Structure formats: C-alpha cells, structure tokens
Amino acid sequence: MGILDNFEKGLERAVNGAFAKTFRSGLQPVEITSALRRELDTKAAVVSRDRVLVPNNFTVRMGSADYERMSAMGPTLIDELTDLVQKHAASQRFQFAGGITIRLREDSALTVGMVAVDSTNVKGEIAWTPLLDIGTKRYPLIKARTVIGRGSDADITIDDTGTSRKHIEVLWDGKRAQVRDLGSTNGSQLNGQPVKQAVLEPDSVITIGRTRIIFRVLAQASTPDAAAPVDDATQRHDMGGFWGPAS
C-alpha cells in the first residue's frame, strides 16, 4: 500500500469518524463510498480458500439535510456507488450471493456530515447491463448493434465535427462487447491506441474525434427481492465480484 493510499484511508477515517460531528459543510459522495468500502472489508467472510463472501444489500443512513441533497442526485448517484462497490469487490476478489441493492435512508439521529451503513446478504439472479457514458449522459446498450456518430441516422448522435456520420458501432451479444470502426475519416482509438475492431473490457475508453466514450458494465438484479423493496432512493444491481456470473 502506497503513501497516497494510506493518506486517503486516513482522511476517510477522519471525515467519517468522530471528526464528522464537527464537519458542517454536509456529507459528500466520496464519504459514502469510503463507508461502503469499509463495510465490505469489515463484513468479508471466508467461505472457502477461493470464495470470500461479502454483503450485497446496503442501507446508507444520513441526516435529514444530507438525505435531501443526496436523493436529489437521483439514480446517477446510486449507479456510481454501485460501480465503486463492484470495482472494490473485484480488486479484493470478493463475491456476492446475489443482487446489489443500495438504499439511501433518512436518519434524524445523525447530524450533518455523518453517515452509517447497514448491510445484509440476499440471494438473487444476475442480469448484466452494458452502458456507454458520453459526457454527462449515460446510454444503456439495449440492442445487439449500436451505431455512434454525428449523423441523425445514428443510434447515438454526438455533436462533434471530428467524427463521421456513422463512426463506430458497439456490438453486444449478452456477455461480451466489441467496438468496430465503420471506415471513419479520422479513425478511432481504444485506450489511446488506434483500433479497427476489438473486445471491450469494462471501463475501456473509446475516443472518436474529441469525444470520449466509456464502456461500463453494471450487473443488475433481474428480479426484485422481498428483502429490499425499491423506492425513489434505491436501485438494485447484481454481480459476482468479477465481470461475469459468480462461481
């Protein structure tokens, strides 16, 4: 672990621990992510030599003012929190029993800047959902073939004169994704390298013209579970600790 890692963890402990009682500028998303990481690390249970199980159902509690601000961010915040939980689990080789559920909840007993996380294990089914992040917008890949370019006949139209009318296509077969350049004038790049066609790994960056496209995979629960009803501040996601079903 490097110096910056130690500094980050020390800062997280300070912000989310006793120091938070006097921290009045309001809870920040990064403080929620650090609390979720700690919950995973603390609750990790060794089931066998190759399987470490962690909770997949989270309730994030915060004071009234913080809850109002965080809830206003909508589904995007839950997606980002889920993405962090997924990446941390993969880096630690943790696995989940079922669908990830993250719920925000108001707790009048907590003061501004404080956060608490409760977690449990809930079994569930897996449905992998590919996404493209382009600027501030997020596009789920709902078709086997998605064409991107500046033309109005593209599936995703981008305002970038450096791109062709039909610049690239992203292919999805239900498990894996590929990017293919459609003979564009200025070419395409994948993670900084020229590309004609290649497999997309999670968090790959496609560059066309001046536009950056990030490919992500959020593993969403395919069916709701009774243990965590959906509300406005809740979304469910399913993943097995890696990109692909849990073993």
# chains A, B, ... in the order shown; residues from 1 in each chain; ligands from 1
>>> select_by_dssp(residues="segment 38-219 of chain A", states="strand (DSSP E)", output="ChimeraX atom specification")
/A:45-48,51-54,57-62,94-96,99-106,115-120,126-134,137-140,145-149,156-157,168-172,177-181,189-190,193-194,197-200,204-208,211-219
>>> closest_residue(among="A:Val60, A:Val112, A:Ala144, A:Leu53", to="Ala90 of chain A", atoms="only C-alpha atoms")
A:Leu53
>>> atom_distance(atom1="atom CA of Lys137 of chain A", atom2="atom CA of Tyr67 of chain A")
23.8 Å
>>> closest_residue(among="A:Thr163, A:Glu201, A:Phe96, A:Lys196", to="Ala45 of chain A", atoms="only C-alpha atoms")
A:Phe96
>>> select_by_dssp(residues="segment 54-247 of chain A", states="helix (DSSP H, G or I)", output="PyMOL selection string")
chain A and resi 64-71+75-92
>>> closest_residue(among="A:Ser91, A:Thr211, A:Ser71, A:Ser64", to="Arg103 of chain A", atoms="only C-alpha atoms")
A:Ser71
>>> closest_atom_pairs(of="segment 109-216 of chain A", to="segment 73-80 of chain A", cutoff="12 Å", atoms="only C-alpha atoms", output="Markdown table")
| residue | atom | partner | partner_atom | distance |
| --- | --- | --- | --- | --- |
| A:Thr129 | CA | A:Asp79 | CA | 11.7 |
| A:Leu131 | CA | A:Asp79 | CA | 10.9 |
| A:Asp133 | CA | A:Thr76 | CA | 11.3 |
| A:Thr136 | CA | A:Thr76 | CA | 10.1 |
| A:Lys137 | CA | A:Thr76 | CA | 9.9 |
| A:Arg138 | CA | A:Thr76 | CA | 9.0 |
| A:Tyr139 | CA | A:Thr76 | CA | 12.0 |
| A:Arg216 | CA | A:Asp79 | CA | 10.7 |
>>> closest_residue(among="A:Val117, A:Leu218, A:Ala89, A:Ala44", to="Ile32 of chain A", atoms="only C-alpha atoms")
A:Val117
>>> closest_residue(among="A:Asp173, A:Gly209, A:Gly113, A:Arg93", to="Arg49 of chain A", atoms="only C-alpha atoms")
A:Arg93
